[in-house]
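Note: the block below is protein.txt and it holds compact mmCIF, C-alpha atoms.
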# COMPACT_ATOMS: atom_id res chain seq x y z
CA MET A 619 -3.41 3.44 -13.13
CA HIS A 620 -4.24 0.88 -10.43
CA GLU A 621 -7.84 1.42 -11.62
CA LEU A 622 -7.15 -1.03 -14.46
CA ALA A 623 -6.19 -3.76 -11.97
CA LEU A 624 -9.40 -3.08 -10.03
CA ALA A 625 -11.46 -2.99 -13.25
CA SER A 626 -10.15 -6.46 -14.16
CA GLU A 627 -11.17 -7.67 -10.72
CA ILE A 628 -14.70 -6.29 -11.21
CA VAL A 629 -14.90 -8.10 -14.57
CA ARG A 630 -13.85 -11.35 -12.88
CA LEU A 631 -16.45 -10.98 -10.10
CA LEU A 632 -19.23 -10.02 -12.55
CA THR A 633 -18.37 -12.92 -14.84
CA ASP A 634 -18.84 -15.25 -11.87
CA VAL A 635 -22.23 -13.66 -11.15
CA ALA A 636 -23.39 -14.04 -14.77
CA ARG A 637 -22.24 -17.67 -14.98
CA GLY A 638 -23.76 -18.50 -11.60
CA ASN A 639 -27.13 -17.21 -12.80
CA GLY A 640 -27.63 -19.03 -16.07
CA ASN A 641 -25.43 -16.68 -18.14
CA CYS A 642 -27.88 -13.86 -17.51
CA ARG A 643 -27.38 -10.32 -18.80
CA LEU A 644 -26.06 -7.88 -16.22
CA GLN A 645 -27.77 -4.51 -16.04
CA SER A 646 -25.79 -2.64 -13.43
CA ALA A 647 -23.33 -3.16 -10.58
CA LEU A 648 -23.25 -1.12 -7.38
CA ILE A 649 -19.69 -0.26 -6.34
CA GLU A 650 -18.91 1.31 -2.98
CA LEU A 651 -15.89 3.64 -2.97
CA GLY A 652 -14.67 5.19 0.27
CA GLU A 653 -13.49 8.81 0.28
CA LEU A 654 -10.14 7.63 1.65
CA THR A 655 -9.37 5.47 -1.36
CA GLN A 656 -7.62 7.05 -4.29
CA ILE A 657 -9.79 5.67 -7.04
CA GLU A 658 -10.76 7.92 -9.92
CA PRO A 659 -14.30 6.73 -10.76
CA GLU A 660 -14.18 7.76 -14.42
CA THR A 661 -10.81 6.07 -14.92
CA LEU A 662 -12.25 2.94 -13.33
CA ARG A 663 -15.26 3.14 -15.65
CA PHE A 664 -13.01 3.50 -18.68
CA GLY A 665 -10.80 0.62 -17.51
CA PHE A 666 -13.90 -1.50 -17.02
CA GLU A 667 -15.12 -0.81 -20.55
CA VAL A 668 -11.78 -1.99 -21.90
CA ALA A 669 -11.42 -4.99 -19.60
CA SER A 670 -15.02 -6.21 -20.00
CA LYS A 671 -14.98 -6.30 -23.80
CA ASP A 672 -16.14 -9.73 -25.05
CA THR A 673 -16.81 -10.97 -21.51
CA PRO A 674 -20.17 -11.65 -19.79
CA ALA A 675 -19.63 -8.32 -17.94
CA GLN A 676 -19.70 -6.26 -21.14
CA GLY A 677 -22.47 -3.66 -21.13
CA CYS A 678 -22.99 -3.71 -17.36
CA GLN A 679 -23.30 -0.17 -15.96
CA LEU A 680 -21.14 0.72 -12.98
CA VAL A 681 -23.07 2.69 -10.37
CA TYR A 682 -20.99 4.31 -7.64
CA LYS A 683 -21.83 4.98 -4.05
CA ARG A 684 -19.31 7.24 -2.29
CA VAL A 685 -18.72 6.42 1.38
CA PRO A 686 -17.69 9.41 3.49
CA ILE A 687 -14.76 9.33 5.90
CA THR A 688 -15.84 8.41 9.41
CA ALA A 689 -13.36 8.73 12.24
CA ARG A 690 -13.24 8.40 16.01
CA CYS A 691 -11.36 10.51 18.56
CA ARG A 692 -9.27 8.70 21.19
CA GLN A 693 -9.48 11.69 23.52
CA CYS A 694 -13.22 12.30 23.79
CA GLY A 695 -14.85 9.40 21.89
CA TRP A 696 -16.44 11.68 19.28
CA GLN A 697 -17.29 9.90 16.04
CA GLY A 698 -18.31 11.49 12.77
CA GLU A 699 -17.21 13.05 9.52
CA PRO A 700 -14.03 14.98 10.28
CA THR A 701 -12.45 17.97 8.56
CA ASP A 702 -8.67 17.74 8.01
CA GLY A 703 -8.18 15.05 10.65
CA ILE A 704 -9.42 17.33 13.46
CA CYS A 705 -11.89 16.02 16.06
CA GLY A 706 -15.37 17.53 15.70
CA GLY A 707 -15.86 17.25 19.48
CA CYS A 708 -12.72 18.42 21.29
CA GLN A 709 -10.71 19.75 18.29
CA ALA A 710 -7.81 17.37 19.10
CA PRO A 711 -5.65 16.57 16.07
CA GLY A 712 -5.34 12.94 14.97
CA LEU A 713 -8.20 10.44 14.62
CA ASP A 714 -8.73 6.73 14.02
CA VAL A 715 -10.44 5.92 10.73
CA VAL A 716 -13.64 3.89 11.10
CA GLY A 717 -15.00 4.13 7.55
CA GLY A 718 -14.03 5.50 4.16
CA ARG A 719 -11.62 2.86 2.92
CA GLU A 720 -14.27 0.71 1.24
CA MET A 721 -13.78 -0.66 -2.27
CA ARG A 722 -16.55 -3.20 -2.70
CA LEU A 723 -18.85 -4.73 -5.24
CA VAL A 724 -22.09 -4.56 -3.26
CA SER A 725 -24.75 -5.96 -5.61
CA VAL A 726 -25.65 -6.60 -9.23
CA ASP A 727 -28.94 -6.02 -11.03
CA ILE A 728 -29.58 -8.81 -13.51
CA GLU A 729 -32.17 -9.09 -16.27
CA ASP A 730 -34.76 -11.82 -15.89
CA ASP A 731 -35.45 -14.05 -18.86
CA MET B 497 -34.93 -7.57 -13.20
CA HIS B 498 -33.70 -8.52 -9.78
CA GLU B 499 -30.81 -7.77 -7.49
CA ILE B 500 -28.08 -10.17 -6.40
CA ASP B 501 -26.00 -9.42 -3.32
CA VAL B 502 -22.27 -9.86 -3.83
CA GLU B 503 -20.65 -7.89 -0.98
CA THR B 504 -17.08 -8.62 -2.06
CA ASP B 505 -13.99 -6.47 -1.58
CA LEU B 506 -12.46 -5.54 -4.95
CA LEU B 507 -9.09 -6.55 -3.52
CA ALA B 508 -10.30 -9.88 -2.13
CA ASN B 509 -8.20 -11.84 -4.57
CA ASN B 510 -5.03 -9.87 -3.85
CA ASN B 511 -5.74 -10.00 -0.11
CA ALA B 512 -6.04 -13.80 -0.20
CA VAL B 513 -2.62 -14.15 -1.84
CA ALA B 514 -1.22 -11.57 0.59
CA GLN B 515 -2.49 -13.67 3.49
CA HIS B 516 -0.76 -16.68 1.98
CA ASN B 517 2.51 -14.68 1.83
CA ARG B 518 1.92 -13.51 5.41
CA ASP B 519 1.51 -17.09 6.66
CA HIS B 520 4.72 -18.00 4.85
CA PHE B 521 6.63 -15.17 6.55
CA ALA B 522 5.09 -15.93 9.95
CA ALA B 523 6.18 -19.58 9.71
CA SER B 524 9.79 -18.56 9.10
CA HIS B 525 9.69 -15.62 11.57
CA THR B 526 10.91 -13.31 8.82
CA TYR B 527 10.15 -9.63 9.34
CA VAL B 528 8.97 -8.12 6.04
CA ILE B 529 8.70 -4.47 5.09
CA ASN B 530 7.18 -2.85 2.03
CA MET B 531 9.03 0.37 1.24
CA MET B 532 7.05 2.98 -0.67
CA SER B 533 7.86 6.46 -1.97
CA SER B 534 7.80 8.60 -5.06
CA PRO B 535 10.62 8.08 -7.58
CA GLY B 536 13.82 9.74 -6.42
CA ALA B 537 13.02 9.98 -2.70
CA GLY B 538 16.08 7.87 -1.90
CA LYS B 539 14.67 4.38 -1.29
CA THR B 540 17.62 2.54 -2.79
CA THR B 541 20.24 4.69 -1.02
CA LEU B 542 18.44 4.18 2.31
CA LEU B 543 18.34 0.47 1.58
CA GLU B 544 22.08 0.35 0.86
CA ARG B 545 22.87 2.14 4.14
CA THR B 546 20.45 -0.07 6.06
CA ILE B 547 21.91 -3.25 4.57
CA ASP B 548 25.50 -2.16 5.32
CA ALA B 549 24.56 -1.52 8.95
CA LEU B 550 22.70 -4.82 9.47
CA VAL B 551 24.31 -7.34 7.14
CA GLY B 552 26.83 -8.66 9.67
CA LYS B 553 24.13 -9.13 12.28
CA TYR B 554 21.10 -10.48 10.38
CA LYS B 555 20.31 -12.51 7.30
CA LEU B 556 18.73 -10.16 4.78
CA GLY B 557 16.96 -10.47 1.45
CA VAL B 558 15.67 -7.84 -0.96
CA ILE B 559 12.94 -7.77 -3.61
CA GLU B 560 13.28 -4.84 -6.00
CA GLY B 561 10.15 -3.66 -7.78
CA ASP B 562 10.53 -1.46 -10.84
CA VAL B 563 8.63 -0.83 -14.02
CA GLN B 564 11.77 -1.56 -16.04
CA THR B 565 15.50 -2.35 -15.69
CA ASP B 566 17.48 -4.17 -13.01
CA LEU B 567 19.59 -1.13 -12.13
CA ASP B 568 18.47 -1.15 -8.48
CA ALA B 569 18.97 -4.90 -8.09
CA ARG B 570 22.51 -4.53 -9.37
CA ARG B 571 23.18 -1.72 -6.90
CA ILE B 572 21.85 -3.82 -4.01
CA GLY B 573 23.66 -6.96 -5.22
CA LYS B 574 27.00 -5.26 -4.54
CA HIS B 575 26.14 -5.28 -0.82
CA HIS B 576 26.35 -9.07 -0.50
CA VAL B 577 22.67 -9.86 0.04
CA PRO B 578 20.38 -12.02 -2.12
CA VAL B 579 18.25 -9.80 -4.34
CA VAL B 580 15.46 -10.51 -6.80
CA GLN B 581 14.26 -7.99 -9.36
CA ILE B 582 10.58 -7.80 -10.32
CA ASN B 583 9.77 -5.80 -13.44
CA THR B 584 6.09 -4.94 -13.50
CA GLY B 585 6.23 -4.17 -17.24
CA GLY B 586 4.24 -0.97 -16.95
CA ALA B 587 2.16 -1.61 -13.84
CA CYS B 588 2.56 1.16 -11.27
CA HIS B 589 2.66 -1.05 -8.16
CA LEU B 590 3.59 -4.49 -6.88
CA ASP B 591 0.79 -6.86 -5.94
CA ALA B 592 0.74 -9.95 -3.75
CA ARG B 593 0.87 -12.34 -6.70
CA LEU B 594 4.04 -10.77 -8.14
CA VAL B 595 5.74 -11.15 -4.75
CA HIS B 596 4.43 -14.67 -4.26
CA ARG B 597 5.93 -15.80 -7.57
CA GLU B 598 9.41 -14.82 -6.38
CA LEU B 599 9.30 -16.29 -2.88
CA ASP B 600 10.71 -19.63 -4.01
CA ARG B 601 13.89 -17.82 -5.01
CA PHE B 602 14.68 -17.13 -1.35
CA ASP B 603 15.16 -19.58 1.44
CA THR B 604 12.95 -17.52 3.72
CA SER B 605 13.52 -19.92 6.59
CA GLN B 606 17.03 -18.44 6.65
CA LEU B 607 15.94 -14.77 6.48
CA ASP B 608 15.53 -12.40 9.43
CA LEU B 609 14.49 -9.45 7.31
CA LEU B 610 13.01 -9.25 3.81
CA ILE B 611 12.84 -5.77 2.30
CA ILE B 612 10.46 -5.22 -0.60
CA GLU B 613 11.16 -2.01 -2.49
CA ASN B 614 7.94 -1.06 -4.22
CA VAL B 615 7.64 0.82 -7.51
CA GLY B 616 8.23 4.56 -7.04
CA ASN B 617 4.70 5.98 -6.94
CA LEU B 618 2.69 7.92 -4.34
CA VAL B 619 -0.75 6.58 -5.20
CA CYS B 620 -1.07 2.98 -6.34
CA PRO B 621 1.13 0.88 -3.99
CA ALA B 622 -0.89 1.87 -0.91
CA GLU B 623 -3.96 -0.20 -1.77
CA PHE B 624 -2.17 -3.48 -2.47
CA ASP B 625 -1.32 -5.64 0.53
CA LEU B 626 1.75 -7.77 -0.22
CA GLY B 627 1.62 -9.74 3.02
CA GLU B 628 4.27 -7.55 4.66
CA HIS B 629 4.33 -6.84 8.38
CA ASP B 630 4.76 -3.10 7.91
CA LYS B 631 4.55 -0.53 5.18
CA ILE B 632 7.32 2.05 5.43
CA MET B 633 6.83 5.39 3.74
CA LEU B 634 9.76 7.47 2.59
CA LEU B 635 9.38 11.18 1.86
CA SER B 636 12.29 13.44 0.92
CA VAL B 637 12.30 17.11 1.90
CA ALA B 638 12.87 18.11 -1.74
CA GLU B 639 9.37 16.83 -2.58
CA GLY B 640 7.62 19.34 -0.31
CA ASP B 641 5.71 19.12 2.97
CA ASP B 642 2.31 19.08 1.23
CA LYS B 643 2.64 15.45 0.12
CA PRO B 644 0.96 13.86 3.18
CA ARG B 645 -2.15 15.95 2.45
CA LYS B 646 -2.07 15.40 -1.29
CA TYR B 647 -1.46 11.63 -1.16
CA PRO B 648 -3.00 10.71 2.21
CA VAL B 649 -3.59 6.99 1.70
CA MET B 650 0.11 6.11 1.50
CA PHE B 651 0.81 7.97 4.73
CA HIS B 652 -2.24 6.63 6.55
CA SER B 653 -1.46 3.01 5.78
CA SER B 654 2.19 3.08 6.93
CA ARG B 655 3.68 2.00 10.25
CA ALA B 656 6.65 4.32 9.91
CA LEU B 657 7.47 7.47 7.99
CA ILE B 658 11.06 8.30 7.11
CA ILE B 659 11.70 11.92 6.18
CA ASN B 660 14.86 11.68 4.09
CA LYS B 661 17.44 14.16 2.76
CA ILE B 662 17.37 16.37 5.86
CA ASP B 663 20.83 17.56 4.79
CA LEU B 664 18.97 19.56 2.11
CA LEU B 665 16.53 21.12 4.58
CA GLU B 666 18.12 24.57 4.62
CA HIS B 667 17.68 24.83 0.84
CA THR B 668 13.93 24.20 1.01
CA ASN B 669 10.87 25.62 2.77
CA PHE B 670 9.90 22.16 4.03
CA ASP B 671 8.06 22.34 7.39
CA MET B 672 8.89 19.15 9.35
CA ASP B 673 6.19 19.61 11.98
CA LYS B 674 3.50 20.24 9.38
CA ALA B 675 4.48 17.14 7.39
CA GLU B 676 4.42 15.02 10.55
CA ARG B 677 1.11 16.42 11.75
CA ASP B 678 -0.59 15.81 8.40
CA ALA B 679 0.87 12.30 8.11
CA ARG B 680 -0.54 11.50 11.56
CA ALA B 681 -3.99 12.98 10.89
CA TYR B 682 -5.50 9.51 10.42
CA ASN B 683 -2.54 7.48 11.65
CA LEU B 684 -1.89 8.29 15.31
CA ASP B 685 0.54 5.42 15.88
CA LEU B 686 2.88 6.37 13.01
CA SER B 687 6.59 6.35 13.97
CA VAL B 688 8.55 9.15 12.29
CA PHE B 689 12.30 9.26 11.62
CA ARG B 690 14.13 12.29 10.25
CA LEU B 691 17.37 11.32 8.56
CA SER B 692 19.77 11.66 5.68
CA ALA B 693 20.63 8.33 4.10
CA ARG B 694 23.46 10.09 2.24
CA THR B 695 25.26 11.61 5.27
CA GLY B 696 24.08 9.01 7.78
CA ALA B 697 22.56 11.64 10.12
CA GLY B 698 19.58 10.22 12.04
CA MET B 699 20.12 6.65 10.81
CA ASP B 700 20.54 5.31 14.37
CA GLY B 701 16.91 5.86 15.35
CA TRP B 702 15.61 4.13 12.22
CA LEU B 703 17.99 1.18 12.62
CA ALA B 704 17.12 0.73 16.31
CA TRP B 705 13.41 0.70 15.44
CA LEU B 706 13.97 -1.78 12.62
CA GLU B 707 15.99 -4.08 14.91
CA SER B 708 13.24 -3.97 17.52
CA ARG B 709 10.70 -5.03 14.87
CA ILE B 710 12.98 -7.88 13.70
CA ALA B 711 13.31 -9.05 17.31
CA LEU B 712 9.55 -8.89 17.85
CA THR B 713 8.90 -11.01 14.74
CA LYS B 714 11.57 -13.50 15.79
CA ALA B 715 9.78 -13.89 19.12
CA HIS B 716 6.20 -13.99 17.85
CA GLY B 717 6.24 -14.73 14.10
CA GLY B 718 3.24 -12.90 12.69

What's the C-alpha cells form of this structure?
Amino acid sequence: MHELALASEIVRLLTDVARGNGNCRLQSALIELGELTQIEPETLRFGFEVASKDTPAQGCQLVYKRVPITARCRQCGWQGEPTDGICGGCQAPGLDVVGGREMRLVSVDIEDD
Amino acid sequence: MHEIDVETDLLANNNAVAQHNRDHFAASHTYVINMMSSPGAGKTTLLERTIDALVGKYKLGVIEGDVQTDLDARRIGKHHVPVVQINTGGACHLDARLVHRELDRFDTSQLDLLIIENVGNLVCPAEFDLGEHDKIMLLSVAEGDDKPRKYPVMFHSSRALIINKIDLLEHTNFDMDKAERDARAYNLDLSVFRLSARTGAGMDGWLAWLESRIALTKAHGG
C-alpha cells in the first residue's frame, strides 16, 4: 500500500497548485506512471479519494498516462521497447533502462472563474 | 479552463530528504546499505552473521525497520552494536523521513557501516530512496526462482543480490541461473552472491564485497 503515501503526495502538490492560483477548483491532474513502477492505478485513485477529502484537491480527477519501458543494449546500441529484457536488435540478454520508471504529476487542468 | 504545468516527481519530497541523509553519510564517510527482502528471507540472520564477522574490524550501526515489535532490534542488540528500531505502525516500507528522524541517535561520524533493514516486503521499499549508497536485495531459495520476474523493481534497483538458504537448495526446484538472469534483465551491473547465512557457506564473497564498498566510501565519501 505505498499508493497511499503517493496519494498523499499528490494531494500536497495539488493543494499547492490550487492555493497558488487563487484557490481555484481543480478539474483534473495528469499523472505519468512508468511500466516499471509497481503502482496500481485504481489503488492510487482510491487512496487519493480518501486523502483528498476536505482539501483543495477534493474532486480533482486523476488521469493516467502509462509510459512504456524503453531500454538500450550495451552490445549493439539498439533502443526500444523490449520483451523480457532481451535486446530487440541482437537478442542479447540484459539491457539498461532508459524510460519506464516515471511517477510524475505532469499538469493540472483548473477551472477559470 | 486552462492547464498548468507542474512536472514534479511524486517522490520529490522523499528524494529531497534522502539527499539530505546522503550528504550526512558522505560527510562522515559512512557506507550505508538498505537491505530489502520478503518476510522470512533471512535478513536478520544474515545481519547477525555479517555483524559477527565485521564487528572487531569496523564500527557498525543498525536501523531496524518493522511494522511492529522490537524483536529484531533485540536480536541485533546482543551482538554489541548500536541499534535503533523504527516501527512504521502499519506502513509497508521505510521512507527517508523515518530514517532521518533517527540519525541523531547515532554518532555517524564514528560509523564505518550503517545497515538499514527495511520492512519485509517485495513491492513497496523499492521506490523509496533512503539516502543509502546501495540497496541490497535478499532472496531465499524457498521463495522460488520466479520472484525476480514477479517483483522486478526491487531486483532492478539493487546493487547486489544475495541468494540465501542455499543449504535448502536440494529440497526445492529453485533454478539459480534463471533467478540470476531475470534479476539482471534490467540491471546488468548487479553483483550476485549465493550463500547460506545459517551454515556460513558462501559468506566470504559477500563479506569481501561489503568490505571493498566500505573502503571505497572511506576513500571517497559519497

Residue nearest Thr504 in chain B - candidates A:Leu654, A:Asp714, A:Ile728, A:Leu723, atoms counted: all atoms listed in the file: A:Leu723

Give me, as a count of residues only, the contact residues of chain B against chain A at a cut-off of 10 Å, counting all atoms listed in the file. 40

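The interatomic distance for the pair CA of Thr526 in chain B and CA of Ser692 in chain B works out to 26.7 Å.
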
At what distance in Å, to one decimal, does CA of Glu707 in chain B lie from CA of Lys539 in chain B? 18.3 Å

Long-range neighbours of Glu544 in chain B as a list in words, 9 Å cut-off, all atoms listed in the file, 6 positions minimum in chain: Arg571, Ile572, His575 and Ala693 of chain B

One decimal place gives the CA of Arg655 in chain B-CA of Asp603 in chain B separation as 26.0 Å

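You can rank B:Ile547, B:Ile612, B:Ala523, B:Met633 by their closest distance to Leu657 in chain B using only C-alpha atoms, and at the top of that list sits B:Met633.
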
Let me make sure I understand: among B:Gly585, B:Pro578, B:Gly616, B:Gly538, which one has the smallest atom-to-atom distance to Val563 in chain B if we use all atoms listed in the file? B:Gly585
